[in-house]
Amino acid sequence: MASTQQITATSVRALKNALRKETRQRLAQLPADIVDQESKRIVQRLLALKEYRDSKNISVFVSMPSGEIQTAEIIRDLLDSGKNCYIPRCDGDNMEMVKLRSWHDYETLPLNKWKIPEPPLNEKRETALDRDGLDLIVMPGLAFDKSGWRLGHGKGYYDKYLQRARDWSQQHGSSAPVTVALALSEQIVDAPVPRDEYDQRPDILLTPSGILGQVDEL
């Protein structure tokens, strides 16, 4: 007989999958010009954040072709301003943040199976946790509620990486990285996002209309 804990975990998984399906369908119908307009507003908000301006080592996700905030201008700003820019590279269930060397480096990255530019696994690159850790992590999500809780795409890449990054900071006596998530208007849902004990809420959620879920101490 299944335990209450097992039933609860199964229920949360089912609720998450239903919300993912519903959100993906909604985002698939979102016109590209709306994505572009909202991306520009959110990028402006991010670049104006004190946490962004004060950070030296920053990781940022590389956008999917559609239905997601476009992050190319964030990457360009990081590189132009002399900050260290790290981007995701996935190997199975594991994700690392690897260093991007230049804008040309970014423009010549091969596309992965999701049509996202990603450094190949056989290419040696410095990772963020090799040296100085991260000051700021700019992260994606599929859906967010109005308290700032995040629903990912289902692989758990960011929840696992955030824990590793925080463990690294603790071991090295430094502050944990600030986490900032970016969301289109269509990614904000009214009902609370289903979550379990492994889910981690971003410190700051930037939307086209403002900031949601900003923690008290920031």
# chains A, B, ... in the order shown; residues from 1 in each chain; ligands from 1

$ select_by_dssp --residues "stretch 40-130 of chain A" --states "strand (DSSP E)" --output "list in words"
Asn57, Ile58, Ser59, Val60, Asn84, Cys85, Tyr86, Ile87, Pro88, Arg89, Cys90, Asp91, Asn94, Met95, Glu96, Met97, Val98 and Lys99 of chain A

$ residues_around --residues "A:Trp114" --least-positions-apart "3" --cutoff "9 Å" --atoms "only C-alpha atoms" --output "PyMOL selection string"
chain A and resi 64-65+111+117

$ select_by_dssp --residues "stretch 35-191 of chain A" --states "helix (DSSP H, G or I)" --output "ChimeraX atom specification"
/A:35-48,50-53,72-80,103-107,157-171,185-187

$ write_last_selection --atoms "N, CA and C atoms" --output "compact mmCIF listing (two decimals), in the first residue's frame"
# COMPACT_ATOMS: atom_id res chain seq x y z
N VAL A 35 7.03 38.66 -27.48
CA VAL A 35 8.22 38.15 -26.78
C VAL A 35 9.35 39.17 -26.86
N ASP A 36 9.57 39.74 -28.03
CA ASP A 36 10.63 40.73 -28.21
C ASP A 36 10.39 41.96 -27.35
N GLN A 37 9.16 42.48 -27.35
CA GLN A 37 8.84 43.68 -26.56
C GLN A 37 9.03 43.43 -25.07
N GLU A 38 8.51 42.30 -24.59
CA GLU A 38 8.61 42.01 -23.17
C GLU A 38 10.06 41.70 -22.78
N SER A 39 10.80 41.06 -23.67
CA SER A 39 12.21 40.77 -23.39
C SER A 39 12.99 42.06 -23.19
N LYS A 40 12.75 43.05 -24.04
CA LYS A 40 13.47 44.32 -23.91
C LYS A 40 13.20 44.99 -22.58
N ARG A 41 11.94 44.98 -22.14
CA ARG A 41 11.59 45.61 -20.87
C ARG A 41 12.23 44.88 -19.69
N ILE A 42 12.23 43.57 -19.75
CA ILE A 42 12.80 42.78 -18.65
C ILE A 42 14.32 42.92 -18.62
N VAL A 43 14.94 42.93 -19.78
CA VAL A 43 16.40 43.11 -19.83
C VAL A 43 16.78 44.46 -19.22
N GLN A 44 16.02 45.50 -19.54
CA GLN A 44 16.28 46.82 -18.95
C GLN A 44 16.17 46.78 -17.43
N ARG A 45 15.18 46.06 -16.91
CA ARG A 45 15.02 45.94 -15.46
C ARG A 45 16.22 45.22 -14.85
N LEU A 46 16.66 44.16 -15.51
CA LEU A 46 17.79 43.40 -14.99
C LEU A 46 19.06 44.25 -14.96
N LEU A 47 19.36 44.93 -16.06
CA LEU A 47 20.59 45.72 -16.14
C LEU A 47 20.59 46.87 -15.13
N ALA A 48 19.41 47.29 -14.70
CA ALA A 48 19.31 48.38 -13.72
C ALA A 48 19.40 47.89 -12.28
N LYS A 50 20.69 46.69 -8.81
CA LYS A 50 21.95 46.85 -8.08
C LYS A 50 22.69 45.52 -7.97
N GLU A 51 21.93 44.45 -7.76
CA GLU A 51 22.55 43.12 -7.64
C GLU A 51 23.29 42.74 -8.92
N TYR A 52 22.76 43.13 -10.06
CA TYR A 52 23.42 42.86 -11.34
C TYR A 52 24.64 43.75 -11.49
N ARG A 53 24.48 45.04 -11.23
CA ARG A 53 25.59 45.99 -11.42
C ARG A 53 26.78 45.66 -10.52
N ALA A 72 20.07 37.33 -25.35
CA ALA A 72 21.30 37.68 -26.09
C ALA A 72 21.84 39.04 -25.65
N GLU A 73 20.97 40.01 -25.39
CA GLU A 73 21.45 41.34 -25.01
C GLU A 73 22.04 41.34 -23.60
N ILE A 74 21.60 40.44 -22.75
CA ILE A 74 22.21 40.30 -21.43
C ILE A 74 23.63 39.77 -21.60
N ILE A 75 23.77 38.75 -22.43
CA ILE A 75 25.09 38.17 -22.69
C ILE A 75 26.02 39.23 -23.28
N ARG A 76 25.52 40.00 -24.22
CA ARG A 76 26.35 41.05 -24.83
C ARG A 76 26.79 42.07 -23.78
N ASP A 77 25.87 42.47 -22.90
CA ASP A 77 26.21 43.45 -21.87
C ASP A 77 27.26 42.90 -20.92
N LEU A 78 27.12 41.66 -20.52
CA LEU A 78 28.09 41.04 -19.63
C LEU A 78 29.49 41.07 -20.24
N LEU A 79 29.56 40.69 -21.50
CA LEU A 79 30.86 40.63 -22.18
C LEU A 79 31.42 42.03 -22.41
N ASP A 80 30.56 42.97 -22.80
CA ASP A 80 31.02 44.34 -23.06
C ASP A 80 31.48 45.04 -21.79
N TRP A 103 31.83 37.51 -27.65
CA TRP A 103 30.60 37.51 -28.43
C TRP A 103 30.74 36.57 -29.63
N HIS A 104 31.90 36.53 -30.23
CA HIS A 104 32.13 35.61 -31.35
C HIS A 104 31.98 34.17 -30.87
N ASP A 105 32.48 33.89 -29.69
CA ASP A 105 32.33 32.56 -29.09
C ASP A 105 30.84 32.21 -29.00
N TYR A 106 30.04 33.15 -28.51
CA TYR A 106 28.59 32.92 -28.39
C TYR A 106 27.95 32.69 -29.76
N GLU A 107 28.30 33.53 -30.73
CA GLU A 107 27.67 33.45 -32.05
C GLU A 107 28.01 32.17 -32.80
N TYR A 157 17.39 20.69 -13.39
CA TYR A 157 18.76 21.20 -13.55
C TYR A 157 19.08 22.33 -12.58
N TYR A 158 18.20 23.32 -12.51
CA TYR A 158 18.51 24.50 -11.71
C TYR A 158 18.39 24.25 -10.22
N ASP A 159 17.39 23.50 -9.79
CA ASP A 159 17.26 23.20 -8.37
C ASP A 159 18.53 22.50 -7.86
N LYS A 160 19.06 21.56 -8.65
CA LYS A 160 20.27 20.84 -8.24
C LYS A 160 21.49 21.75 -8.31
N TYR A 161 21.58 22.58 -9.35
CA TYR A 161 22.75 23.44 -9.49
C TYR A 161 22.78 24.52 -8.41
N LEU A 162 21.61 25.08 -8.08
CA LEU A 162 21.56 26.10 -7.04
C LEU A 162 22.07 25.55 -5.71
N GLN A 163 21.72 24.32 -5.41
CA GLN A 163 22.21 23.72 -4.17
C GLN A 163 23.72 23.55 -4.21
N ARG A 164 24.25 23.12 -5.34
CA ARG A 164 25.71 22.97 -5.48
C ARG A 164 26.41 24.32 -5.34
N ALA A 165 25.86 25.35 -5.98
CA ALA A 165 26.47 26.68 -5.92
C ALA A 165 26.45 27.22 -4.49
N ARG A 166 25.37 26.98 -3.77
CA ARG A 166 25.29 27.45 -2.38
C ARG A 166 26.25 26.66 -1.49
N ASP A 167 26.36 25.36 -1.74
CA ASP A 167 27.32 24.55 -0.98
C ASP A 167 28.74 25.04 -1.23
N TRP A 168 29.05 25.36 -2.50
CA TRP A 168 30.39 25.87 -2.84
C TRP A 168 30.65 27.17 -2.09
N SER A 169 29.69 28.07 -2.07
CA SER A 169 29.87 29.36 -1.39
C SER A 169 30.11 29.16 0.10
N GLN A 170 29.36 28.25 0.70
CA GLN A 170 29.52 27.98 2.13
C GLN A 170 30.91 27.42 2.42
N GLN A 171 31.36 26.49 1.58
CA GLN A 171 32.68 25.89 1.77
C GLN A 171 33.81 26.91 1.59
N SER A 185 4.86 37.73 -19.44
CA SER A 185 3.54 37.88 -18.79
C SER A 185 2.75 36.58 -18.83
N GLU A 186 2.84 35.86 -19.94
CA GLU A 186 2.07 34.62 -20.09
C GLU A 186 2.60 33.49 -19.22
N GLN A 187 3.75 33.69 -18.60
CA GLN A 187 4.30 32.65 -17.72
C GLN A 187 3.87 32.84 -16.27

$ closest_atom_pairs --of "stretch 72-188 of chain A" --to "stretch 200-215 of chain A" --cutoff "7 Å" --atoms "only C-alpha atoms" --output "CSV"
residue,atom,partner,partner_atom,distance
A:Lys146,CA,A:Leu212,CA,6.5
A:Ser147,CA,A:Gly213,CA,4.9
A:Gly148,CA,A:Gly213,CA,4.1
A:Trp149,CA,A:Arg201,CA,5.0
A:Arg150,CA,A:Arg201,CA,6.2
A:Asp159,CA,A:Gln200,CA,6.1
A:Val178,CA,A:Asp203,CA,6.4
A:Thr179,CA,A:Pro202,CA,5.1
A:Val180,CA,A:Ile204,CA,4.7
A:Ala181,CA,A:Leu205,CA,4.8
A:Leu182,CA,A:Leu206,CA,5.0
A:Ala183,CA,A:Thr207,CA,5.2
A:Leu184,CA,A:Thr207,CA,6.0
A:Ser185,CA,A:Thr207,CA,6.5

$ write_last_selection --atoms "C-alpha atoms" --output "compact mmCIF listing (two decimals), in the first residue's frame"
# COMPACT_ATOMS: atom_id res chain seq x y z
CA LYS A 146 2.61 35.67 -7.87
CA SER A 147 4.73 34.80 -4.84
CA GLY A 148 7.69 34.13 -7.10
CA TRP A 149 7.69 30.33 -6.93
CA ARG A 150 9.00 28.70 -10.09
CA ASP A 159 17.26 23.20 -8.37
CA VAL A 178 21.62 35.92 -5.75
CA THR A 179 19.09 34.25 -8.04
CA VAL A 180 17.05 36.24 -10.54
CA ALA A 181 14.38 34.62 -12.72
CA LEU A 182 12.92 36.20 -15.85
CA ALA A 183 9.32 35.67 -16.94
CA LEU A 184 7.04 36.72 -19.77
CA SER A 185 3.54 37.88 -18.79
